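Q: Contents of entry-v8.txt (compact mmCIF, C-alpha atoms) are below:
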# COMPACT_ATOMS: atom_id res chain seq x y z
CA MET A 1 0.00 0.00 0.00
CA THR A 2 1.31 3.47 -0.85
CA ARG A 3 1.93 5.42 2.32
CA GLY A 4 -0.70 7.99 3.24
CA GLN A 5 -3.61 6.40 1.37
CA GLY A 6 -5.34 4.45 4.15
CA PRO A 7 -8.80 5.10 5.57
CA THR A 8 -7.70 6.51 8.93
CA VAL A 9 -5.54 9.22 7.41
CA ARG A 10 -8.21 10.01 4.83
CA ARG A 11 -10.79 10.46 7.59
CA ARG A 12 -8.39 12.74 9.45
CA ARG A 13 -7.78 14.75 6.26
CA LEU A 14 -11.50 15.06 5.56
CA ALA A 15 -12.15 16.18 9.14
CA GLY A 16 -9.56 18.92 8.79
CA GLU A 17 -11.01 20.10 5.48
CA LEU A 18 -14.56 20.23 6.84
CA ARG A 19 -13.40 22.23 9.83
CA ARG A 20 -11.46 24.64 7.59
CA LEU A 21 -14.42 25.12 5.24
CA ARG A 22 -16.80 25.78 8.12
CA GLU A 23 -14.50 28.43 9.52
CA ALA A 24 -14.06 29.96 6.04
CA ALA A 25 -17.86 30.20 5.80
CA ASP A 26 -17.85 32.05 9.16
CA LEU A 27 -20.15 29.49 10.76
CA THR A 28 -20.05 28.07 14.26
CA ILE A 29 -20.59 24.40 15.08
CA ASP A 30 -23.98 25.34 16.49
CA ASP A 31 -24.89 27.12 13.24
CA VAL A 32 -24.11 24.00 11.22
CA ALA A 33 -25.97 21.72 13.62
CA GLU A 34 -29.06 23.93 13.40
CA ARG A 35 -29.05 23.95 9.59
CA LEU A 36 -28.49 20.21 9.33
CA GLU A 37 -30.94 19.46 12.17
CA CYS A 38 -28.42 17.38 14.06
CA SER A 39 -26.57 17.73 17.35
CA ALA A 40 -23.61 20.04 17.76
CA SER A 41 -21.69 17.13 19.28
CA LYS A 42 -22.02 15.21 16.01
CA VAL A 43 -20.51 18.08 14.04
CA SER A 44 -17.73 18.38 16.60
CA ARG A 45 -16.95 14.64 16.47
CA VAL A 46 -16.84 14.79 12.67
CA GLU A 47 -14.35 17.66 12.77
CA THR A 48 -12.09 15.88 15.24
CA GLY A 49 -12.17 12.67 13.20
CA ASN A 50 -13.70 10.73 16.07
CA VAL A 51 -16.57 9.49 13.91
CA GLY A 52 -16.80 8.54 10.27
CA VAL A 53 -18.65 10.71 7.77
CA THR A 54 -21.08 9.24 5.30
CA PRO A 55 -20.87 10.62 1.76
CA ARG A 56 -24.36 12.06 2.22
CA ASP A 57 -23.38 13.83 5.47
CA ALA A 58 -20.29 15.22 3.75
CA ARG A 59 -22.33 16.55 0.82
CA ASP A 60 -24.89 18.11 3.18
CA MET A 61 -22.18 19.86 5.17
CA LEU A 62 -20.43 21.06 2.02
CA SER A 63 -23.72 22.47 0.74
CA VAL A 64 -24.06 24.51 3.93
CA TYR A 65 -20.52 25.82 3.39
CA GLY A 66 -21.29 26.77 -0.21
CA VAL A 67 -18.87 24.23 -1.66
CA THR A 68 -20.03 22.68 -4.94
CA GLY A 69 -18.69 21.24 -8.18
CA GLU A 70 -15.39 19.37 -8.42
CA GLU A 71 -14.21 20.39 -4.96
CA ALA A 72 -17.34 18.94 -3.37
CA ASP A 73 -17.14 15.78 -5.49
CA ALA A 74 -13.53 15.22 -4.44
CA LEU A 75 -14.35 15.56 -0.74
CA VAL A 76 -17.39 13.29 -1.02
CA GLN A 77 -15.15 10.70 -2.68
CA LEU A 78 -12.70 11.15 0.19
CA ALA A 79 -15.58 10.38 2.58
CA ARG A 80 -16.26 7.13 0.67
CA GLU A 81 -12.61 6.08 0.83
CA ALA A 82 -12.38 6.97 4.53
CA ARG A 83 -15.14 4.45 5.31
CA LYS A 84 -13.17 1.45 4.03
CA ARG A 85 -12.12 -1.05 6.66
CA GLY A 86 -8.46 -1.77 7.36
CA TRP A 87 -7.08 -5.13 8.54
CA TRP A 88 -7.10 -3.83 12.14
CA HIS A 89 -10.91 -3.78 12.26
CA ALA A 90 -10.74 -7.54 12.77
CA TYR A 91 -9.12 -6.73 16.14
CA ASN A 92 -11.60 -4.11 17.33
CA GLU A 93 -11.48 -5.46 20.87
CA VAL A 94 -7.71 -4.86 20.94
CA PHE A 95 -7.30 -1.64 18.96
CA THR A 96 -9.82 0.79 20.40
CA GLY A 97 -8.40 4.01 18.95
CA THR A 98 -7.07 5.28 15.64
CA PHE A 99 -3.42 4.56 16.45
CA VAL A 100 -2.93 1.47 14.29
CA GLY A 101 -4.64 3.07 11.30
CA LEU A 102 -2.32 6.07 11.55
CA GLU A 103 0.71 3.83 12.06
CA ALA A 104 -0.21 1.75 9.01
CA ASP A 105 -0.29 4.89 6.85
CA ALA A 106 2.76 6.71 8.19
CA SER A 107 5.78 7.33 5.99
CA SER A 108 8.04 7.77 9.02
CA LEU A 109 7.96 6.47 12.58
CA ARG A 110 10.25 7.87 15.29
CA ALA A 111 9.88 5.89 18.50
CA TYR A 112 11.35 6.23 21.97
CA GLN A 113 11.00 3.60 24.69
CA ALA A 114 12.40 3.65 28.20
CA LEU A 115 11.49 0.20 29.55
CA LEU A 116 10.19 -2.04 26.77
CA VAL A 117 11.19 -3.08 23.28
CA PRO A 118 8.95 -1.12 20.87
CA GLY A 119 5.91 -3.10 19.76
CA LEU A 120 6.99 -3.32 16.10
CA LEU A 121 10.21 -5.05 17.16
CA GLN A 122 8.86 -7.52 19.70
CA THR A 123 9.09 -11.27 19.22
CA ARG A 124 6.02 -13.36 19.91
CA ARG A 125 7.36 -14.70 23.21
CA TYR A 126 8.52 -11.29 24.42
CA ALA A 127 5.15 -9.75 23.51
CA ARG A 128 3.33 -12.49 25.41
CA ALA A 129 5.45 -11.94 28.51
CA VAL A 130 4.86 -8.18 28.38
CA ILE A 131 1.10 -8.45 27.86
CA ARG A 132 0.74 -11.06 30.60
CA ALA A 133 2.66 -8.84 33.05
CA MET A 134 0.73 -5.68 32.17
CA ARG A 135 -2.68 -7.38 32.16
CA PRO A 136 -2.59 -9.88 35.04
CA ASP A 137 -6.39 -10.28 34.95
CA ALA A 138 -6.50 -11.21 31.24
CA THR A 139 -7.44 -14.74 30.17
CA GLU A 140 -5.13 -16.81 28.00
CA SER A 141 -7.44 -16.32 25.02
CA GLU A 142 -7.34 -12.53 25.51
CA ILE A 143 -3.56 -12.62 25.70
CA ASP A 144 -3.43 -14.78 22.54
CA ARG A 145 -5.60 -12.27 20.72
CA ARG A 146 -3.43 -9.33 21.72
CA VAL A 147 -0.25 -11.15 20.74
CA GLU A 148 -1.68 -12.00 17.31
CA ALA A 149 -2.74 -8.38 16.81
CA ARG A 150 0.77 -7.21 17.65
CA MET A 151 2.30 -9.69 15.23
CA GLU A 152 -0.05 -8.46 12.49
CA ARG A 153 1.15 -4.89 13.08
CA GLN A 154 4.73 -5.95 12.44
CA ALA A 155 4.02 -6.73 8.78
CA LEU A 156 4.38 -2.98 8.32
CA LEU A 157 8.17 -3.14 8.43
CA GLN A 158 8.21 -5.84 5.72
CA ASP A 159 5.80 -3.94 3.46
CA ALA A 160 6.73 -3.27 -0.19
CA HIS A 161 6.69 0.44 0.71
CA PRO A 162 7.71 0.46 4.38
CA PRO A 163 7.94 3.59 6.51
CA GLU A 164 11.30 4.94 7.63
CA TYR A 165 11.61 3.53 11.13
CA TRP A 166 13.92 5.00 13.78
CA ALA A 167 13.81 3.67 17.33
CA VAL A 168 15.74 5.03 20.30
CA MET A 169 15.60 3.15 23.58
CA ASP A 170 17.17 3.39 27.00
CA GLU A 171 19.78 0.77 27.87
CA ALA A 172 17.35 -0.46 30.53
CA VAL A 173 15.38 -2.09 27.69
CA LEU A 174 18.37 -4.36 27.00
CA GLN A 175 18.90 -5.32 30.63
CA ARG A 176 15.40 -6.15 31.86
CA ALA A 177 14.97 -9.94 31.57
CA VAL A 178 11.41 -9.97 30.22
CA GLY A 179 10.32 -13.59 29.88
CA GLY A 180 13.69 -14.89 31.09
CA PRO A 181 17.17 -15.14 29.50
CA GLU A 182 16.14 -17.31 26.53
CA VAL A 183 13.30 -14.99 25.53
CA MET A 184 15.51 -11.92 25.92
CA ALA A 185 18.34 -13.37 23.85
CA GLU A 186 15.89 -14.20 21.07
CA GLN A 187 14.42 -10.70 21.30
CA LEU A 188 17.76 -8.93 21.10
CA TRP A 189 18.88 -10.97 18.07
CA ARG A 190 15.57 -10.08 16.43
CA MET A 191 16.31 -6.39 16.96
CA LEU A 192 19.64 -6.82 15.22
CA ASP A 193 17.88 -8.44 12.26
CA ILE A 194 15.45 -5.52 12.00
CA ALA A 195 18.29 -3.01 12.26
CA ALA A 196 19.84 -4.59 9.17
CA LEU A 197 16.86 -3.44 7.07
CA PRO A 198 17.69 -0.39 4.94
CA HIS A 199 14.74 1.61 6.30
CA ALA A 200 15.36 0.85 9.99
CA THR A 201 17.69 2.46 12.53
CA ILE A 202 18.02 1.51 16.20
CA GLN A 203 19.95 3.46 18.81
CA VAL A 204 20.54 2.89 22.52
CA VAL A 205 21.00 5.59 25.16
CA PRO A 206 23.61 4.08 27.50
CA PHE A 207 23.39 4.34 31.27
CA GLY A 208 26.61 6.34 31.27
CA GLY A 209 24.86 9.15 29.42
CA GLY A 210 23.07 10.22 32.58
CA ALA A 211 19.84 12.22 32.41
CA HIS A 212 18.25 12.65 29.00
CA PRO A 213 15.04 14.13 27.45
CA GLY A 214 13.32 10.75 27.16
CA MET A 215 13.02 10.35 30.91
CA GLU A 216 9.59 11.96 30.61
CA GLY A 217 8.28 8.73 29.07
CA PRO A 218 7.80 6.81 25.80
CA PHE A 219 6.38 8.41 22.67
CA LEU A 220 6.04 7.93 18.94
CA ILE A 221 6.11 10.59 16.22
CA LEU A 222 4.16 9.62 13.10
CA GLY A 223 4.94 11.45 9.87
CA PHE A 224 2.90 11.35 6.66
CA PRO A 225 3.83 11.90 3.00
CA GLU A 226 1.15 14.48 2.19
CA GLN A 227 1.73 18.05 3.34
CA ALA A 228 -1.96 18.27 4.26
CA ASP A 229 -1.48 15.50 6.84
CA GLN A 230 0.43 16.98 9.75
CA ASP A 231 2.66 14.88 11.99
CA VAL A 232 1.09 13.34 15.09
CA VAL A 233 2.70 12.49 18.42
CA TYR A 234 1.32 9.45 20.20
CA VAL A 235 2.08 9.25 23.92
CA ASP A 236 1.34 5.73 25.12
CA SER A 237 -0.17 4.76 28.45
CA THR A 238 -1.93 1.75 29.96
CA ASN A 239 -5.21 3.70 29.97
CA GLY A 240 -5.07 4.51 26.27
CA GLY A 241 -2.86 6.80 24.26
CA LEU A 242 -2.84 10.57 23.96
CA TYR A 243 -2.67 12.13 20.50
CA LEU A 244 -0.92 15.48 20.12
CA GLU A 245 -1.46 17.40 16.87
CA ASP A 246 -0.78 20.98 17.90
CA ALA A 247 2.22 22.21 15.89
CA ALA A 248 4.04 23.49 18.99
CA GLU A 249 3.61 20.16 20.82
CA VAL A 250 4.74 18.14 17.79
CA HIS A 251 7.78 20.41 17.41
CA ARG A 252 8.64 19.92 21.09
CA TYR A 253 8.66 16.15 20.72
CA ALA A 254 10.58 16.30 17.44
CA LEU A 255 13.24 18.38 19.20
CA MET A 256 13.22 15.92 22.10
CA PHE A 257 13.79 13.04 19.68
CA ASP A 258 16.68 14.88 18.03
CA HIS A 259 18.30 15.35 21.45
CA LEU A 260 17.75 11.66 22.22
CA ARG A 261 19.45 10.64 18.98
CA ALA A 262 22.38 12.86 19.89
CA ALA A 263 22.57 11.43 23.43
CA ALA A 264 22.40 7.84 22.19
CA ALA A 265 25.31 5.74 21.05
CA LYS A 266 25.86 5.84 17.30
CA PRO A 267 23.86 3.20 15.38
CA ASP A 268 26.83 0.83 14.91
CA ASP A 269 27.88 1.22 18.54
CA SER A 270 24.26 0.66 19.60
CA LEU A 271 24.18 -2.63 17.71
CA ASP A 272 27.33 -3.66 19.56
CA LEU A 273 25.55 -2.95 22.86
CA ILE A 274 22.55 -5.03 21.75
CA GLU A 275 24.74 -7.93 20.63
CA ALA A 276 26.71 -7.89 23.87
CA ALA A 277 23.47 -8.02 25.86
CA ALA A 278 22.18 -10.88 23.70
CA ARG A 279 25.34 -12.90 24.35
CA ARG A 280 25.11 -12.26 28.11
CA PHE A 281 21.55 -13.57 28.17
CA GLU A 282 22.59 -16.62 26.12
CA LYS A 283 25.36 -17.31 28.62
CA HIS A 284 22.90 -17.07 31.53
CA ASP A 285 20.52 -19.44 29.74
CA ASN A 286 23.16 -22.17 29.45
As structure tokens, how would this structure be written, given the file I've shared?
A:
Amino acid sequence: MTRGQGPTVRRRRLAGELRRLREAADLTIDDVAERLECSASKVSRVETGNVGVTPRDARDMLSVYGVTGEEADALVQLAREARKRGWWHAYNEVFTGTFVGLEADASSLRAYQALLVPGLLQTRRYARAVIRAMRPDATESEIDRRVEARMERQALLQDAHPPEYWAVMDEAVLQRAVGGPEVMAEQLWRMLDIAALPHATIQVVPFGGGAHPGMEGPFLILGFPEQADQDVVYVDSTNGGLYLEDAAEVHRYALMFDHLRAAAAKPDDSLDLIEAAARRFEKHDN
């Protein structure tokens, strides 16, 4: 799939265009709701991309904004394309937000992790150990489902048109024996395999580097190929992620990531750290 052409990004783009056109028409959300005889909350959810827009709803809104002809037709078609279902819809009970849809469409992914291997790099056994630890009340079938969903996500890095992937992680990620020595050794060798891909870079911030900007917590910056689709920062948490789209916030995290890259060991030296950790875990397993 060409980057930037998936339904989640299209819905986000349509939402932004509808908001821009409403403001250009000098109408409030309440004005639009009154003319369309719907609730103001519906208009608001449409403009934030929290709900899908039917082609008919899109055409009705565009009519209120005085948009007709080819411009209206193009946006109505965008509404049709935004309603298509991605592979992640089969895992609705696992993926409750728009994160995976955005990730699947991104042309660049800049990730920082302080404690865990990033999800796109996790082996099946490492992922299972992490999910079981973080969800102690989950049944085995629930854990299985979440592991499978995570494995499906990883196809992204093997795509015919993969995103540029750059991961920075604290050295603590290499030292924490998630799942035991055997699982960790396997996981670290897997990271080295991924790092060999031409579109992937992995760096490690060593303990000796002291304090660094990433101590605030993990985050992911998603970039998109179309200028109309602004970068998004996703800040992960156990209660669901936070999406940051404000230009100043995105710039702050981009700057933070640049400082993290500078604080980290160079890519080749980082791979040496990962390999050394893998060999230590192999030694402990024997």
Q: Which residue gives the smallest distance to A:Asp30 among A:Ala278, A:Ser44, A:Leu18, A:Ala149, with all atoms listed in the file counted?
A: A:Ser44
Q: Considering only C-alpha atoms, return as a ChimeraX atom specification whatever protein or nucleic-acid residues lie within 12 Å of A:Glu186, sequence-local ones (same chain, fewer than 2 positions apart) excluded.
A: /A:121-127,174,177-184,188-193,274-275,277-282,285
Q: Tell me which residues come within 12 Å of (-10.0, -6.3, 18.0), as a ChimeraX atom specification, counting only C-alpha atoms in the file's coordinates.
A: /A:86-97,100,142-150,152
Q: Find the distance between atom CA of A:Ala264 and atom CA of A:Gly119 and write it in Å to one decimal.
A: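 Here the two named atoms are 19.9 Å from each other.
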Q: For A:Arg20, which residue out of A:Glu245, A:Glu171, A:Ala82, A:Ala228 is the nearest one, using all atoms listed in the file?
A: A:Ala228
Q: If we count all atoms listed in the file and set the cut-off at 8 Å, which residues sit around A:Asp236, ignoring sequence neighbours fewer than 6 positions away in its own chain? Please answer as a list of chain:residue names.
A: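 Once the adjacent positions are removed, what remains is A:Pro218, A:Phe219, A:Leu242.
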Q: Rank nothing, just name the residue among A:Ile202, A:Ala33, A:Ala211, A:Ala196 nearest to A:Leu273, using only C-alpha atoms.
A: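 Smallest distance to A:Leu273 is found for A:Ile202.
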Q: Would you please work out which residue, of A:Met256, A:Val76, A:Leu222, A:Leu271, is nearest to A:Leu244 when using all atoms listed in the file?
A: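 Among the listed residues, the smallest separation from A:Leu244 belongs to A:Leu222.
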Q: For A:Thr8, please output as a list in words all residues within 8 Å (counting only C-alpha atoms; exclusion window: fewer than 6 positions along the same chain).
A: Ala82, Thr98, Gly101, Leu102 and Asp105 of chain A
Q: Could you write those residues out with C-alpha atoms, as a PDB file, in the frame of the given file?
A:
ATOM      1  CA  ALA A  82     -12.380   6.970   4.530  1.00  0.00           C
ATOM      2  CA  THR A  98      -7.070   5.280  15.640  1.00  0.00           C
ATOM      3  CA  GLY A 101      -4.640   3.070  11.300  1.00  0.00           C
ATOM      4  CA  LEU A 102      -2.320   6.070  11.550  1.00  0.00           C
ATOM      5  CA  ASP A 105      -0.290   4.890   6.850  1.00  0.00           C
TER       6      ASP A 105
END
Q: What does the structure give for the distance between atom CA of A:Val173 and atom CA of A:Gly217, in Å to one decimal?
A: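 Interatomic distance here is 13.0 Å.
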Q: With the input short on atoms, add all heavy atoms back to stretch 198-209 of chain A and write it as an mmCIF file, in the frame of the given file.
A:
data_model
loop_
_atom_site.group_PDB
_atom_site.id
_atom_site.type_symbol
_atom_site.label_atom_id
_atom_site.label_comp_id
_atom_site.auth_asym_id
_atom_site.auth_seq_id
_atom_site.Cartn_x
_atom_site.Cartn_y
_atom_site.Cartn_z
ATOM 1 N N PRO A 198 17.215 -1.714 5.377
ATOM 2 C CA PRO A 198 17.690 -0.390 4.940
ATOM 3 C C PRO A 198 16.861 0.784 5.454
ATOM 4 O O PRO A 198 17.346 1.910 5.501
ATOM 5 C CB PRO A 198 17.612 -0.483 3.413
ATOM 6 C CG PRO A 198 16.633 -1.578 3.134
ATOM 7 C CD PRO A 198 16.803 -2.561 4.250
ATOM 8 N N HIS A 199 15.614 0.525 5.844
ATOM 9 C CA HIS A 199 14.740 1.610 6.300
ATOM 10 C C HIS A 199 14.621 1.662 7.821
ATOM 11 O O HIS A 199 13.783 2.399 8.344
ATOM 12 C CB HIS A 199 13.341 1.449 5.689
ATOM 13 C CG HIS A 199 12.739 0.103 5.929
ATOM 14 N ND1 HIS A 199 13.009 -0.979 5.132
ATOM 15 C CD2 HIS A 199 11.895 -0.346 6.889
ATOM 16 C CE1 HIS A 199 12.353 -2.030 5.575
ATOM 17 N NE2 HIS A 199 11.670 -1.671 6.650
ATOM 18 N N ALA A 200 15.463 0.900 8.534
ATOM 19 C CA ALA A 200 15.360 0.850 9.990
ATOM 20 C C ALA A 200 16.670 1.271 10.659
ATOM 21 O O ALA A 200 17.750 0.895 10.211
ATOM 22 C CB ALA A 200 14.972 -0.556 10.448
ATOM 23 N N THR A 201 16.542 2.038 11.725
ATOM 24 C CA THR A 201 17.690 2.460 12.530
ATOM 25 C C THR A 201 17.330 2.282 14.001
ATOM 26 O O THR A 201 16.231 2.644 14.418
ATOM 27 C CB THR A 201 18.042 3.940 12.282
ATOM 28 O OG1 THR A 201 18.301 4.143 10.883
ATOM 29 C CG2 THR A 201 19.269 4.358 13.089
ATOM 30 N N ILE A 202 18.242 1.703 14.762
ATOM 31 C CA ILE A 202 18.020 1.510 16.200
ATOM 32 C C ILE A 202 19.212 2.098 16.953
ATOM 33 O O ILE A 202 20.362 1.833 16.606
ATOM 34 C CB ILE A 202 17.850 0.021 16.545
ATOM 35 C CG1 ILE A 202 16.606 -0.556 15.849
ATOM 36 C CG2 ILE A 202 17.754 -0.171 18.057
ATOM 37 C CD1 ILE A 202 16.429 -2.050 16.055
ATOM 38 N N GLN A 203 18.915 2.893 17.960
ATOM 39 C CA GLN A 203 19.950 3.460 18.810
ATOM 40 C C GLN A 203 19.623 3.195 20.279
ATOM 41 O O GLN A 203 18.452 3.080 20.652
ATOM 42 C CB GLN A 203 20.082 4.969 18.600
ATOM 43 C CG GLN A 203 20.776 5.369 17.306
ATOM 44 C CD GLN A 203 20.938 6.872 17.226
ATOM 45 O OE1 GLN A 203 20.053 7.557 16.720
ATOM 46 N NE2 GLN A 203 22.065 7.387 17.711
ATOM 47 N N VAL A 204 20.674 3.132 21.090
ATOM 48 C CA VAL A 204 20.540 2.890 22.520
ATOM 49 C C VAL A 204 21.172 4.051 23.287
ATOM 50 O O VAL A 204 22.293 4.463 22.977
ATOM 51 C CB VAL A 204 21.218 1.564 22.928
ATOM 52 C CG1 VAL A 204 21.163 1.375 24.441
ATOM 53 C CG2 VAL A 204 20.580 0.389 22.197
ATOM 54 N N VAL A 205 20.443 4.569 24.270
ATOM 55 C CA VAL A 205 21.000 5.590 25.160
ATOM 56 C C VAL A 205 21.638 4.862 26.337
ATOM 57 O O VAL A 205 20.928 4.273 27.162
ATOM 58 C CB VAL A 205 19.905 6.559 25.659
ATOM 59 C CG1 VAL A 205 20.521 7.638 26.542
ATOM 60 C CG2 VAL A 205 19.161 7.198 24.493
ATOM 61 N N PRO A 206 22.954 4.854 26.432
ATOM 62 C CA PRO A 206 23.610 4.080 27.500
ATOM 63 C C PRO A 206 23.430 4.705 28.878
ATOM 64 O O PRO A 206 23.214 5.905 29.017
ATOM 65 C CB PRO A 206 25.092 4.107 27.076
ATOM 66 C CG PRO A 206 25.228 5.331 26.236
ATOM 67 C CD PRO A 206 23.926 5.512 25.539
ATOM 68 N N PHE A 207 23.519 3.867 29.889
ATOM 69 C CA PHE A 207 23.390 4.340 31.270
ATOM 70 C C PHE A 207 24.381 5.466 31.569
ATOM 71 O O PHE A 207 24.085 6.410 32.305
ATOM 72 C CB PHE A 207 23.629 3.193 32.252
ATOM 73 C CG PHE A 207 22.505 2.200 32.301
ATOM 74 C CD1 PHE A 207 22.769 0.837 32.408
ATOM 75 C CD2 PHE A 207 21.185 2.605 32.244
ATOM 76 C CE1 PHE A 207 21.745 -0.093 32.472
ATOM 77 C CE2 PHE A 207 20.149 1.686 32.306
ATOM 78 C CZ PHE A 207 20.424 0.332 32.416
ATOM 79 N N GLY A 208 25.574 5.355 30.997
ATOM 80 C CA GLY A 208 26.610 6.340 31.270
ATOM 81 C C GLY A 208 26.278 7.733 30.768
ATOM 82 O O GLY A 208 26.951 8.704 31.142
ATOM 83 N N GLY A 209 25.242 7.840 29.947
ATOM 84 C CA GLY A 209 24.860 9.150 29.420
ATOM 85 C C GLY A 209 24.140 10.020 30.424
ATOM 86 O O GLY A 209 23.914 11.208 30.161
#
